[in-house]
>>> print(open('protein_30.txt').read())   # compact mmCIF, C-alpha atoms
# COMPACT_ATOMS: atom_id res chain seq x y z
CA MET N 926 161.20 87.35 83.47
CA SER N 927 160.78 89.24 80.24
CA ARG N 928 161.64 88.61 76.65
CA ARG N 929 162.92 91.02 74.05
CA PHE N 930 160.75 91.30 71.03
CA HIS N 931 161.34 91.71 67.37
CA ILE N 932 158.14 93.63 66.73
CA LYS N 933 156.52 93.43 63.32
CA GLU N 934 153.58 95.50 62.18
CA GLU N 935 151.54 92.32 61.82
CA ILE N 936 152.37 90.90 65.25
CA ARG N 937 149.56 88.49 66.20
CA ILE N 938 147.59 89.87 69.14
CA LEU N 939 144.61 88.44 71.00
CA GLY N 940 142.49 91.25 72.50
CA ILE N 941 140.02 90.13 75.16
CA ASP N 942 137.05 92.12 76.48
CA ASP N 943 133.92 91.30 78.45
CA SER N 944 130.28 92.25 77.99
CA ALA N 945 127.74 94.08 80.14
CA LEU N 946 126.85 92.79 83.61
CA ILE N 947 123.35 91.59 82.80
CA SER N 948 123.55 88.01 84.07
CA GLU N 949 125.57 85.72 86.31
CA LYS N 950 127.59 84.35 83.39
CA ILE N 951 129.48 87.03 81.53
CA LEU N 952 130.48 86.64 77.89
CA VAL N 953 134.15 87.27 77.17
CA VAL N 954 135.27 87.72 73.56
CA GLY N 955 138.73 87.29 72.08
CA ALA N 956 139.53 89.09 68.83
CA PHE N 957 142.62 87.61 67.15
CA PHE N 958 144.33 90.29 65.07
CA ARG N 959 147.31 90.92 62.86
CA GLY N 960 148.67 94.00 64.62
CA GLY N 961 146.13 96.78 64.26
CA LEU N 962 145.24 95.70 60.74
CA TRP N 963 142.73 92.93 60.45
CA MET N 964 140.95 90.16 62.29
CA ASP N 965 141.78 86.51 61.68
CA GLY N 966 139.52 84.91 64.25
CA VAL N 967 137.08 85.25 67.13
CA MET N 968 136.81 83.17 70.28
CA SER N 969 134.45 83.33 73.23
CA SER N 970 133.86 81.95 76.69
CA TYR N 971 131.91 82.72 79.87
CA LEU N 972 133.10 83.64 83.36
CA THR N 973 131.21 84.22 86.58
CA LYS N 974 130.17 87.73 87.62
CA ASP N 975 132.37 88.76 90.60
CA GLY N 976 133.72 85.19 90.62
CA LEU N 977 137.25 83.81 90.92
CA ASP N 978 137.30 81.80 87.70
CA GLY N 979 138.52 84.58 85.39
CA THR N 980 142.17 83.58 85.10
CA ASP N 981 141.32 79.91 84.47
CA THR N 982 138.63 80.83 81.94
CA LEU N 983 140.98 82.99 79.90
CA MET N 984 143.81 80.43 80.12
CA GLU N 985 141.53 77.69 78.82
CA MET N 986 140.11 79.86 76.06
CA VAL N 987 143.60 80.77 74.86
CA LYS N 988 145.13 77.29 75.15
CA SER N 989 142.24 75.52 73.44
CA SER N 990 142.28 77.89 70.47
CA LYS N 991 143.55 76.76 67.07
CA HIS N 992 145.36 80.11 66.99
CA TYR N 993 147.26 79.39 70.24
CA PRO N 994 150.60 78.68 68.51
CA GLN N 995 150.43 82.01 66.66
CA ILE N 996 149.40 84.36 69.47
CA ARG N 997 152.37 86.56 70.48
CA ILE N 998 150.57 88.92 72.86
CA ILE N 999 147.44 88.79 75.00
CA MET N 1000 145.86 92.22 75.57
CA LEU N 1001 143.39 92.78 78.37
CA ASP N 1002 141.06 95.73 79.02
CA GLY N 1003 141.92 96.24 82.69
CA ILE N 1004 142.37 93.29 85.02
CA THR N 1005 138.85 93.01 86.43
CA TYR N 1006 136.40 91.22 84.19
CA GLY N 1007 132.73 90.49 84.84
CA GLY N 1008 132.59 92.91 87.74
CA PHE N 1009 135.44 92.05 90.12
CA ASN N 1010 136.61 88.75 88.69
CA THR N 1011 140.31 89.66 88.82
CA ILE N 1012 142.73 88.26 86.25
CA ASP N 1013 146.16 87.18 87.49
CA ILE N 1014 148.34 88.37 84.60
CA VAL N 1015 151.50 86.76 85.97
CA GLN N 1016 149.81 83.37 86.06
CA LEU N 1017 148.15 83.97 82.68
CA TYR N 1018 151.59 84.63 81.18
CA GLU N 1019 153.29 81.72 82.90
CA GLU N 1020 150.66 79.15 82.01
CA THR N 1021 150.19 80.22 78.39
CA ASP N 1022 153.80 81.33 77.80
CA ILE N 1023 152.34 84.40 76.05
CA PRO N 1024 153.19 87.88 77.40
CA VAL N 1025 150.23 89.92 78.65
CA ILE N 1026 149.59 93.66 78.25
CA VAL N 1027 146.84 95.30 80.28
CA LEU N 1028 145.37 98.50 78.90
CA MET N 1029 143.46 101.15 80.84
CA ARG N 1030 141.87 104.42 79.71
CA GLN N 1031 142.44 105.97 83.12
CA LEU N 1032 144.64 105.41 86.09
CA PRO N 1033 142.71 103.00 88.32
CA ASP N 1034 141.25 104.47 91.51
CA PHE N 1035 142.77 102.01 93.96
CA GLU N 1036 140.94 103.50 96.93
CA MET N 1037 137.58 102.92 95.25
CA ILE N 1038 138.61 99.43 94.22
CA ASP N 1039 139.67 98.63 97.77
CA ARG N 1040 136.33 99.80 99.12
CA ALA N 1041 134.41 97.76 96.52
CA LEU N 1042 136.44 94.64 97.31
CA SER N 1043 135.31 94.86 100.95
CA TYR N 1044 131.85 93.78 99.85
CA LEU N 1045 133.15 90.65 98.16
CA PRO N 1046 134.42 87.31 99.50
CA HIS N 1047 138.18 86.61 99.18
CA LYS N 1048 139.12 90.28 99.37
CA GLU N 1049 142.76 89.46 100.20
CA MET N 1050 143.19 87.16 97.23
CA ARG N 1051 141.71 89.73 94.84
CA SER N 1052 143.89 92.52 96.29
CA GLU N 1053 146.95 90.30 95.92
CA ILE N 1054 146.19 89.68 92.23
CA ILE N 1055 145.70 93.40 91.62
CA LYS N 1056 149.05 94.20 93.29
CA LYS N 1057 150.83 91.48 91.30
CA ALA N 1058 149.91 93.25 88.06
CA GLY N 1059 152.67 95.71 88.89
CA LYS N 1060 153.79 99.06 87.65
CA ILE N 1061 151.50 101.29 85.58
CA VAL N 1062 153.01 103.32 82.75
CA LYS N 1063 151.45 106.03 80.57
CA VAL N 1064 151.61 105.56 76.78
CA ASN N 1065 150.76 108.09 74.07
CA THR N 1066 149.29 106.30 71.09
CA GLY N 1067 148.98 109.39 68.92
CA ASP N 1068 146.66 111.93 70.50
CA VAL N 1069 148.66 113.37 73.42
CA ASN N 1070 145.43 114.50 75.08
CA ASN N 1071 144.22 110.93 75.12
CA PRO N 1072 146.95 108.75 76.63
CA VAL N 1073 146.38 105.20 77.83
CA TYR N 1074 147.94 103.37 80.76
CA ILE N 1075 149.44 99.91 80.65
CA GLN N 1076 150.72 97.12 82.87
CA CYS N 1077 152.45 94.01 81.60
CA SER N 1078 153.77 90.56 82.40
CA GLY N 1079 156.41 88.59 80.49
CA ILE N 1080 157.53 91.49 78.35
CA GLU N 1081 159.58 94.64 78.87
CA MET N 1082 157.53 97.79 79.32
CA LYS N 1083 159.30 99.47 76.40
CA ASP N 1084 158.32 96.67 74.02
CA ALA N 1085 154.78 96.58 75.41
CA ALA N 1086 154.42 100.32 74.73
CA THR N 1087 155.65 99.82 71.15
CA ILE N 1088 153.09 97.07 70.55
CA VAL N 1089 150.29 99.24 71.96
CA ARG N 1090 151.30 102.09 69.65
CA ILE N 1091 151.61 99.85 66.58
CA SER N 1092 148.18 98.30 67.10
CA ALA N 1093 146.27 101.52 67.91
CA THR N 1094 145.61 102.18 64.23
CA ARG N 1095 142.07 103.60 64.37
CA SER N 1096 141.85 105.29 67.76
CA ASN N 1097 143.91 105.58 70.92
CA ILE N 1098 142.91 101.99 71.80
CA PRO N 1099 144.65 98.99 70.19
CA GLU N 1100 142.43 97.60 67.47
CA PRO N 1101 142.16 94.06 68.97
CA LEU N 1102 140.64 95.54 72.14
CA ARG N 1103 138.45 98.07 70.35
CA VAL N 1104 136.96 95.30 68.20
CA ALA N 1105 136.61 92.76 71.06
CA HIS N 1106 134.59 95.44 72.87
CA LEU N 1107 132.34 96.10 69.85
CA ILE N 1108 131.66 92.38 69.51
CA ALA N 1109 130.97 91.69 73.20
CA THR N 1110 128.54 94.58 73.58
CA GLY N 1111 126.98 94.03 70.14
CA ILE N 1112 126.16 90.42 70.97
CA ILE N 1113 124.91 90.93 74.53
CA LEU N 1114 123.10 94.27 74.13
CA GLY N 1115 121.94 93.81 70.51
CA GLU N 1116 124.13 96.72 69.42
CA SER N 1117 127.67 97.79 70.27
CA ARG N 1118 128.08 100.89 72.41
CA GLY N 1119 130.57 102.79 74.53
CA LYS N 1120 134.29 102.45 74.39
CA ALA N 1121 136.62 99.54 75.13
CA MET U 1171 114.00 100.63 40.75
CA SER U 1172 117.70 101.20 41.15
CA ARG U 1173 119.86 104.11 42.10
CA ARG U 1174 123.20 105.16 40.71
CA PHE U 1175 125.96 105.32 43.22
CA HIS U 1176 128.89 107.56 43.81
CA ILE U 1177 131.05 104.86 45.35
CA LYS U 1178 133.71 105.83 47.88
CA GLU U 1179 136.31 103.51 49.29
CA GLU U 1180 134.80 104.01 52.74
CA ILE U 1181 131.19 103.35 51.73
CA ARG U 1182 129.33 102.23 54.86
CA ILE U 1183 128.29 98.59 54.54
CA LEU U 1184 126.39 96.34 56.92
CA GLY U 1185 127.39 92.68 56.40
CA ILE U 1186 125.03 90.14 57.96
CA ASP U 1187 125.74 86.47 58.60
CA ASP U 1188 124.17 83.75 60.72
CA SER U 1189 125.64 81.16 63.08
CA ALA U 1190 125.58 77.36 63.20
CA LEU U 1191 122.27 75.49 63.39
CA ILE U 1192 122.58 74.29 66.96
CA SER U 1193 119.29 75.54 68.40
CA GLU U 1194 115.83 76.77 67.39
CA LYS U 1195 116.84 80.42 67.68
CA ILE U 1196 119.72 81.32 65.39
CA LEU U 1197 122.06 84.23 66.13
CA VAL U 1198 122.50 86.69 63.28
CA VAL U 1199 125.32 89.21 63.43
CA GLY U 1200 125.67 92.51 61.61
CA ALA U 1201 129.16 93.95 61.11
CA PHE U 1202 129.02 97.64 60.22
CA PHE U 1203 132.07 98.56 58.15
CA ARG U 1204 133.72 101.42 56.33
CA GLY U 1205 134.18 99.71 52.98
CA GLY U 1206 136.63 96.85 53.42
CA LEU U 1207 138.68 98.81 55.93
CA TRP U 1208 137.45 98.77 59.46
CA MET U 1209 134.54 98.01 61.72
CA ASP U 1210 132.53 100.76 63.38
CA GLY U 1211 129.88 98.66 65.07
CA VAL U 1212 128.29 95.27 65.71
CA MET U 1213 124.63 94.38 66.00
CA SER U 1214 122.85 91.13 66.65
CA SER U 1215 119.45 89.48 66.66
CA TYR U 1216 117.85 86.04 66.57
CA LEU U 1217 115.66 84.37 63.95
CA THR U 1218 113.87 81.03 63.91
CA LYS U 1219 115.52 77.97 62.35
CA ASP U 1220 113.64 77.19 59.10
CA GLY U 1221 111.11 79.89 60.09
CA LEU U 1222 109.51 82.70 58.12
CA ASP U 1223 110.61 85.59 60.35
CA GLY U 1224 113.97 86.25 58.67
CA THR U 1225 113.03 89.30 56.60
CA ASP U 1226 111.23 90.97 59.52
CA THR U 1227 114.10 90.19 61.90
CA LEU U 1228 116.70 91.76 59.62
CA MET U 1229 114.49 94.77 58.89
CA GLU U 1230 114.00 95.44 62.59
CA MET U 1231 117.68 94.96 63.39
CA VAL U 1232 118.68 97.44 60.69
CA LYS U 1233 115.99 100.05 61.40
CA SER U 1234 116.52 100.05 65.16
CA SER U 1235 120.30 100.54 64.82
CA LYS U 1236 121.92 103.84 65.69
CA HIS U 1237 123.90 103.34 62.46
CA TYR U 1238 120.73 103.12 60.33
CA PRO U 1239 121.09 106.62 58.84
CA GLN U 1240 124.66 105.85 57.73
CA ILE U 1241 124.22 102.40 56.18
CA ARG U 1242 124.48 102.64 52.37
CA ILE U 1243 124.47 98.91 51.56
CA ILE U 1244 123.23 95.74 53.23
CA MET U 1245 125.24 92.64 52.27
CA LEU U 1246 123.86 89.16 52.83
CA ASP U 1247 125.60 85.80 52.68
CA GLY U 1248 123.08 84.02 50.46
CA ILE U 1249 119.35 84.50 50.99
CA THR U 1250 118.61 81.58 53.29
CA TYR U 1251 119.48 82.17 56.92
CA GLY U 1252 119.03 79.79 59.86
CA GLY U 1253 118.45 76.83 57.58
CA PHE U 1254 115.69 77.77 55.12
CA ASN U 1255 114.47 81.03 56.60
CA THR U 1256 114.44 82.89 53.28
CA ILE U 1257 115.13 86.61 53.14
CA ASP U 1258 113.01 88.69 50.75
CA ILE U 1259 115.63 91.12 49.45
CA VAL U 1260 113.12 93.22 47.51
CA GLN U 1261 111.09 93.80 50.67
CA LEU U 1262 114.24 94.34 52.74
CA TYR U 1263 115.33 97.07 50.33
CA GLU U 1264 111.90 98.68 50.08
CA GLU U 1265 111.27 98.80 53.82
CA THR U 1266 114.75 100.00 54.84
CA ASP U 1267 115.40 102.09 51.70
CA ILE U 1268 118.91 100.58 51.68
CA PRO U 1269 120.02 98.58 48.61
CA VAL U 1270 120.83 94.92 49.23
CA ILE U 1271 123.64 92.82 47.73
CA VAL U 1272 123.57 89.04 48.15
CA LEU U 1273 126.89 87.24 47.93
CA MET U 1274 127.41 83.55 47.19
CA ARG U 1275 130.59 81.48 46.91
CA GLN U 1276 128.96 79.13 44.43
CA LEU U 1277 126.06 79.18 42.06
CA PRO U 1278 123.12 77.90 44.09
CA ASP U 1279 121.88 74.41 43.23
CA PHE U 1280 118.22 75.27 42.64
CA GLU U 1281 117.21 71.64 42.13
CA MET U 1282 118.57 70.71 45.55
CA ILE U 1283 116.94 73.74 47.13
CA ASP U 1284 113.62 72.85 45.55
CA ARG U 1285 113.82 69.32 46.91
CA ALA U 1286 114.74 70.57 50.40
CA LEU U 1287 111.85 73.04 50.38
CA SER U 1288 109.42 70.15 49.83
CA TYR U 1289 110.03 69.07 53.41
CA LEU U 1290 109.07 72.48 54.80
CA PRO U 1291 105.75 74.24 55.28
CA HIS U 1292 105.00 77.22 52.97
CA LYS U 1293 107.10 75.86 50.15
CA GLU U 1294 105.43 78.17 47.59
CA MET U 1295 106.10 81.29 49.62
CA ARG U 1296 109.76 80.37 50.08
CA SER U 1297 110.18 79.54 46.37
CA GLU U 1298 108.61 82.86 45.46
CA ILE U 1299 111.07 84.77 47.67
CA ILE U 1300 114.00 82.91 46.15
CA LYS U 1301 112.79 83.72 42.61
CA LYS U 1302 112.28 87.39 43.49
CA ALA U 1303 115.99 87.71 44.33
CA GLY U 1304 116.56 87.77 40.58
CA LYS U 1305 119.49 87.48 38.26
CA ILE U 1306 122.81 86.03 39.43
CA VAL U 1307 126.04 87.56 38.15
CA LYS U 1308 129.64 86.40 38.53
CA VAL U 1309 132.16 88.87 40.00
CA ASN U 1310 135.93 88.56 40.16
CA THR U 1311 137.22 90.21 43.33
CA GLY U 1312 140.90 89.64 42.58
CA ASP U 1313 141.68 85.95 42.29
CA VAL U 1314 140.16 84.88 38.96
CA ASN U 1315 140.09 81.26 40.15
CA ASN U 1316 137.92 82.27 43.06
CA PRO U 1317 134.99 84.30 41.74
CA VAL U 1318 131.87 85.07 43.75
CA TYR U 1319 128.27 85.37 42.61
CA ILE U 1320 125.89 88.17 43.47
CA GLN U 1321 122.26 89.18 43.34
CA CYS U 1322 120.94 92.60 44.24
CA SER U 1323 117.94 94.77 44.91
CA GLY U 1324 117.72 98.57 44.74
CA ILE U 1325 121.05 99.02 42.98
CA GLU U 1326 122.39 98.45 39.50
CA MET U 1327 124.37 95.24 39.10
CA LYS U 1328 127.40 97.17 37.85
CA ASP U 1329 127.52 99.32 40.98
CA ALA U 1330 126.92 96.28 43.20
CA ALA U 1331 129.90 94.53 41.59
CA THR U 1332 132.09 97.59 42.19
CA ILE U 1333 131.12 97.68 45.87
CA VAL U 1334 131.87 93.97 46.26
CA ARG U 1335 135.30 94.46 44.68
CA ILE U 1336 136.11 97.54 46.79
CA SER U 1337 135.21 95.82 50.05
CA ALA U 1338 136.95 92.48 49.37
CA THR U 1339 140.23 93.79 50.80
CA ARG U 1340 141.53 90.68 52.59
CA SER U 1341 140.12 87.77 50.61
CA ASN U 1342 137.65 87.17 47.80
CA ILE U 1343 134.81 87.86 50.27
CA PRO U 1344 133.83 91.43 51.22
CA GLU U 1345 135.27 92.24 54.62
CA PRO U 1346 131.91 93.03 56.30
CA LEU U 1347 130.70 89.49 55.49
CA ARG U 1348 133.99 87.78 56.34
CA VAL U 1349 134.02 89.45 59.76
CA ALA U 1350 130.28 88.90 60.46
CA HIS U 1351 130.95 85.21 59.84
CA LEU U 1352 133.96 85.13 62.20
CA ILE U 1353 131.89 86.78 64.94
CA ALA U 1354 128.78 84.60 64.55
CA THR U 1355 130.71 81.33 64.61
CA GLY U 1356 133.15 82.54 67.29
CA ILE U 1357 130.31 83.40 69.65
CA ILE U 1358 128.15 80.32 69.07
CA LEU U 1359 130.86 77.66 68.67
CA GLY U 1360 133.45 79.19 71.05
CA GLU U 1361 135.82 79.73 68.15
CA SER U 1362 135.39 80.99 64.61
CA ARG U 1363 135.71 78.48 61.80
CA GLY U 1364 135.00 77.91 58.11
CA LYS U 1365 134.38 80.57 55.55
CA ALA U 1366 131.61 83.12 55.17
>>> encode(input="protein_30.txt", output="structure tokens")
Amino acid sequence: MSRRFHIKEEIRILGIDDSALISEKILVVGAFFRGGLWMDGVMSSYLTKDGLDGTDTLMEMVKSSKHYPQIRIIMLDGITYGGFNTIDIVQLYEETDIPVIVLMRQLPDFEMIDRALSYLPHKEMRSEIIKKAGKIVKVNTGDVNNPVYIQCSGIEMKDAATIVRISATRSNIPEPLRVAHLIATGIILGESRGKA
Amino acid sequence: MSRRFHIKEEIRILGIDDSALISEKILVVGAFFRGGLWMDGVMSSYLTKDGLDGTDTLMEMVKSSKHYPQIRIIMLDGITYGGFNTIDIVQLYEETDIPVIVLMRQLPDFEMIDRALSYLPHKEMRSEIIKKAGKIVKVNTGDVNNPVYIQCSGIEMKDAATIVRISATRSNIPEPLRVAHLIATGIILGESRGKA
């Protein structure tokens, strides 16, 4: 099921990213934005490295937030957080009633992912969640040499692409994700680095 | 000593705020901004609640940052961090060679501060640092009913006021400090709250 959107420049977006894999509990940071313009709030939680608690952790973080009633879109940076803690974006949408957009810098290498999953417990469940995330579509956010790839749940792909383009105001990455990445790495590593 | 500034809208500012007093080690967050426009980086460190290591901690955080050569202004939210860990803004300027602007929402209640300091070791040293921060000046950043107050070191008060006005793009508080506050409370309390 999808909904049609009336998309405003200031659409409220929660971008969620994780931090470096330096301990068993991985910090995840949510940056609550007005479109690609400015940040209205920050939230945080912890999930288990390579665990299975990612979907529940994000659901609880979102639903317990004072901003919950305002959030129109959840944006994720890929669907594996804290190593291979896979996020079920269909369940995340259904339980929060907020559509989810997954953003990737590259097309995922499913063969490599499949090999990596072999080393982890519950391989089938993780594979299932990855398959559920569905179709991957390329989006140009400005620089045609630097496209991004998206998946989504609870929203039509065309609307999802529009929201990604609207919110990518400073780079080819939507601002809520770019900033969530800066925060997560800045807090865990002492200084932000790399790209969302 | 002060320097005259050619002030651009995108002047690089590091805003530093601390988090809630819930442990002995207090998280401090630096948000590195282009003026009041957008964030280019995040840094973090820890100082001791009511300790004397605040100035050294901030100096080290700034000087070890990859952004150090670009930072034109350090902005602080008051001069006591982590309880009564007082920041020596003259020393911070001299050792980093970056001018410092201190922002306050209200005029400090020096009588109350003096009483509180009586309960802490090294009262004289802390009082001295507070006095060194110098003259306090009122600045209107837009809403005349909501002025802020500033102190500075290494920069003329007139230029400091201009920089505060330029960077207060979303509220009466300069964006680097507003965002540093959102991050520090969002990470330590699970969700951002209150005002910088």
>>> interface_residues(input="protein_30.txt", of="chain U", to="chain N", cutoff="6 Å", atoms="all atoms listed in the file", output="VMD selection string")
chain U and resid 1211 to 1214 1352 to 1353 1356 to 1357 1360 to 1362
>>> write_last_selection(input="protein_30.txt", atoms="C-alpha atoms", output="PDB file, in the frame of the given file")
ATOM      1  CA  GLY U1211     129.880  98.660  65.070  1.00  0.00           C
ATOM      2  CA  VAL U1212     128.290  95.270  65.710  1.00  0.00           C
ATOM      3  CA  MET U1213     124.630  94.380  66.000  1.00  0.00           C
ATOM      4  CA  SER U1214     122.850  91.130  66.650  1.00  0.00           C
ATOM      5  CA  LEU U1352     133.960  85.130  62.200  1.00  0.00           C
ATOM      6  CA  ILE U1353     131.890  86.780  64.940  1.00  0.00           C
ATOM      7  CA  GLY U1356     133.150  82.540  67.290  1.00  0.00           C
ATOM      8  CA  ILE U1357     130.310  83.400  69.650  1.00  0.00           C
ATOM      9  CA  GLY U1360     133.450  79.190  71.050  1.00  0.00           C
ATOM     10  CA  GLU U1361     135.820  79.730  68.150  1.00  0.00           C
ATOM     11  CA  SER U1362     135.390  80.990  64.610  1.00  0.00           C
TER      12      SER U1362
END
>>> closest_residue(input="protein_30.txt", among="U:Glu1264, U:Asp1329, U:Asp1220, U:Asp1226", to="Lys1293 in chain U", atoms="only C-alpha atoms")
U:Asp1220
>>> closest_residue(input="protein_30.txt", among="U:Met1245, U:Gly1206, U:Ala1286, U:Ser1323", to="Gly1185 in chain U", atoms="only C-alpha atoms")
U:Met1245
>>> closest_residue(input="protein_30.txt", among="U:Gln1276, U:Ser1288, U:Thr1339, U:Thr1332", to="Asn1316 in chain U", atoms="all atoms listed in the file")
U:Gln1276
>>> atom_distance(input="protein_30.txt", atom1="CA of Lys1302 in chain U", atom2="CA of Phe1203 in chain U")
27.0 Å
>>> atom_distance(input="protein_30.txt", atom1="CA of Leu1273 in chain U", atom2="CA of Asp1223 in chain U")
20.5 Å
>>> atom_distance(input="protein_30.txt", atom1="CA of Met1295 in chain U", atom2="CA of Val1232 in chain U")
23.3 Å
>>> axis_aligned_box(input="protein_30.txt", around="range 1313-1329 of chain U", padding_each_side="4 Å", output="JSON")
{"center_x": 129.7, "center_y": 90.3, "center_z": 41.4, "size_x": 32.0, "size_y": 26.1, "size_z": 15.1}
>>> closest_residue(input="protein_30.txt", among="N:Ile951, N:Ile932, N:Leu939, N:Val1027", to="Gly1079 in chain N", atoms="all atoms listed in the file")
N:Val1027
>>> residues_around(input="protein_30.txt", residues="Ile1299 in chain U", least_positions_apart="3", cutoff="9 Å", atoms="all atoms listed in the file", output="PDB file with C-alpha atoms, in the frame of the given file")
ATOM      1  CA  ILE U1249     119.350  84.500  50.990  1.00  0.00           C
ATOM      2  CA  THR U1256     114.440  82.890  53.280  1.00  0.00           C
ATOM      3  CA  ILE U1257     115.130  86.610  53.140  1.00  0.00           C
ATOM      4  CA  ASP U1258     113.010  88.690  50.750  1.00  0.00           C
ATOM      5  CA  ILE U1259     115.630  91.120  49.450  1.00  0.00           C
ATOM      6  CA  VAL U1260     113.120  93.220  47.510  1.00  0.00           C
ATOM      7  CA  GLU U1294     105.430  78.170  47.590  1.00  0.00           C
ATOM      8  CA  MET U1295     106.100  81.290  49.620  1.00  0.00           C
ATOM      9  CA  ARG U1296     109.760  80.370  50.080  1.00  0.00           C
ATOM     10  CA  LYS U1302     112.280  87.390  43.490  1.00  0.00           C
ATOM     11  CA  ALA U1303     115.990  87.710  44.330  1.00  0.00           C
TER      12      ALA U1303
END
>>> closest_residue(input="protein_30.txt", among="N:Arg1040, N:Val1062, N:Pro1099, N:Asp1068", to="Met1082 in chain N", atoms="all atoms listed in the file")
N:Val1062
>>> residues_around(input="protein_30.txt", residues="Lys1178 in chain U", least_positions_apart="2", cutoff="12 Å", atoms="all atoms listed in the file", output="list in words")
Phe1175, His1176, Glu1180, Ile1181, Arg1182, Ile1183, Arg1204, Gly1205, Gly1206, Leu1207, Arg1242, Asp1329, Thr1332, Ile1333, Arg1335, Ile1336 and Ser1337 of chain U
>>> residues_around(input="protein_30.txt", residues="Asp1247 in chain U", least_positions_apart="4", cutoff="8 Å", atoms="only C-alpha atoms", output="VMD selection string")
chain U and resid 1186 to 1187 1272 to 1274 1347 1366
>>> closest_residue(input="protein_30.txt", among="U:Phe1202, U:Leu1277, U:Gly1252, U:Thr1311", to="Tyr1238 in chain U", atoms="all atoms listed in the file")
U:Phe1202
>>> build_atoms(input="protein_30.txt", residues="range 1111-1116 of chain N", atoms="all heavy atoms", output="mmCIF file, keeping the file's coordinate frame")
data_model
loop_
_atom_site.group_PDB
_atom_site.id
_atom_site.type_symbol
_atom_site.label_atom_id
_atom_site.label_comp_id
_atom_site.auth_asym_id
_atom_site.auth_seq_id
_atom_site.Cartn_x
_atom_site.Cartn_y
_atom_site.Cartn_z
ATOM 1 N N GLY N 1111 127.927 94.237 71.240
ATOM 2 C CA GLY N 1111 126.980 94.030 70.140
ATOM 3 C C GLY N 1111 126.197 92.740 70.296
ATOM 4 O O GLY N 1111 125.006 92.673 69.970
ATOM 5 N N ILE N 1112 126.845 91.702 70.799
ATOM 6 C CA ILE N 1112 126.160 90.420 70.970
ATOM 7 C C ILE N 1112 125.238 90.450 72.187
ATOM 8 O O ILE N 1112 124.093 89.997 72.127
ATOM 9 C CB ILE N 1112 127.195 89.272 71.124
ATOM 10 C CG1 ILE N 1112 128.031 89.121 69.848
ATOM 11 C CG2 ILE N 1112 126.503 87.959 71.492
ATOM 12 C CD1 ILE N 1112 127.259 88.772 68.605
ATOM 13 N N ILE N 1113 125.697 90.997 73.288
ATOM 14 C CA ILE N 1113 124.910 90.930 74.530
ATOM 15 C C ILE N 1113 123.817 92.000 74.575
ATOM 16 O O ILE N 1113 122.717 91.759 75.064
ATOM 17 C CB ILE N 1113 125.847 91.039 75.758
ATOM 18 C CG1 ILE N 1113 126.751 89.803 75.824
ATOM 19 C CG2 ILE N 1113 125.061 91.181 77.059
ATOM 20 C CD1 ILE N 1113 126.002 88.467 75.885
ATOM 21 N N LEU N 1114 124.081 93.172 74.057
ATOM 22 C CA LEU N 1114 123.100 94.270 74.130
ATOM 23 C C LEU N 1114 122.312 94.440 72.827
ATOM 24 O O LEU N 1114 121.418 95.272 72.762
ATOM 25 C CB LEU N 1114 123.797 95.574 74.488
ATOM 26 C CG LEU N 1114 124.582 95.560 75.818
ATOM 27 C CD1 LEU N 1114 125.329 96.881 76.006
ATOM 28 C CD2 LEU N 1114 123.657 95.296 77.002
ATOM 29 N N GLY N 1115 122.645 93.671 71.782
ATOM 30 C CA GLY N 1115 121.940 93.810 70.510
ATOM 31 C C GLY N 1115 122.620 94.836 69.609
ATOM 32 O O GLY N 1115 122.487 94.797 68.401
ATOM 33 N N GLU N 1116 123.353 95.762 70.216
ATOM 34 C CA GLU N 1116 124.130 96.720 69.420
ATOM 35 C C GLU N 1116 125.313 97.198 70.261
ATOM 36 O O GLU N 1116 125.186 97.417 71.468
ATOM 37 C CB GLU N 1116 123.282 97.908 69.007
ATOM 38 C CG GLU N 1116 124.076 98.939 68.225
ATOM 39 C CD GLU N 1116 123.250 99.688 67.181
ATOM 40 O OE1 GLU N 1116 122.019 99.582 67.192
ATOM 41 O OE2 GLU N 1116 123.850 100.379 66.350
#
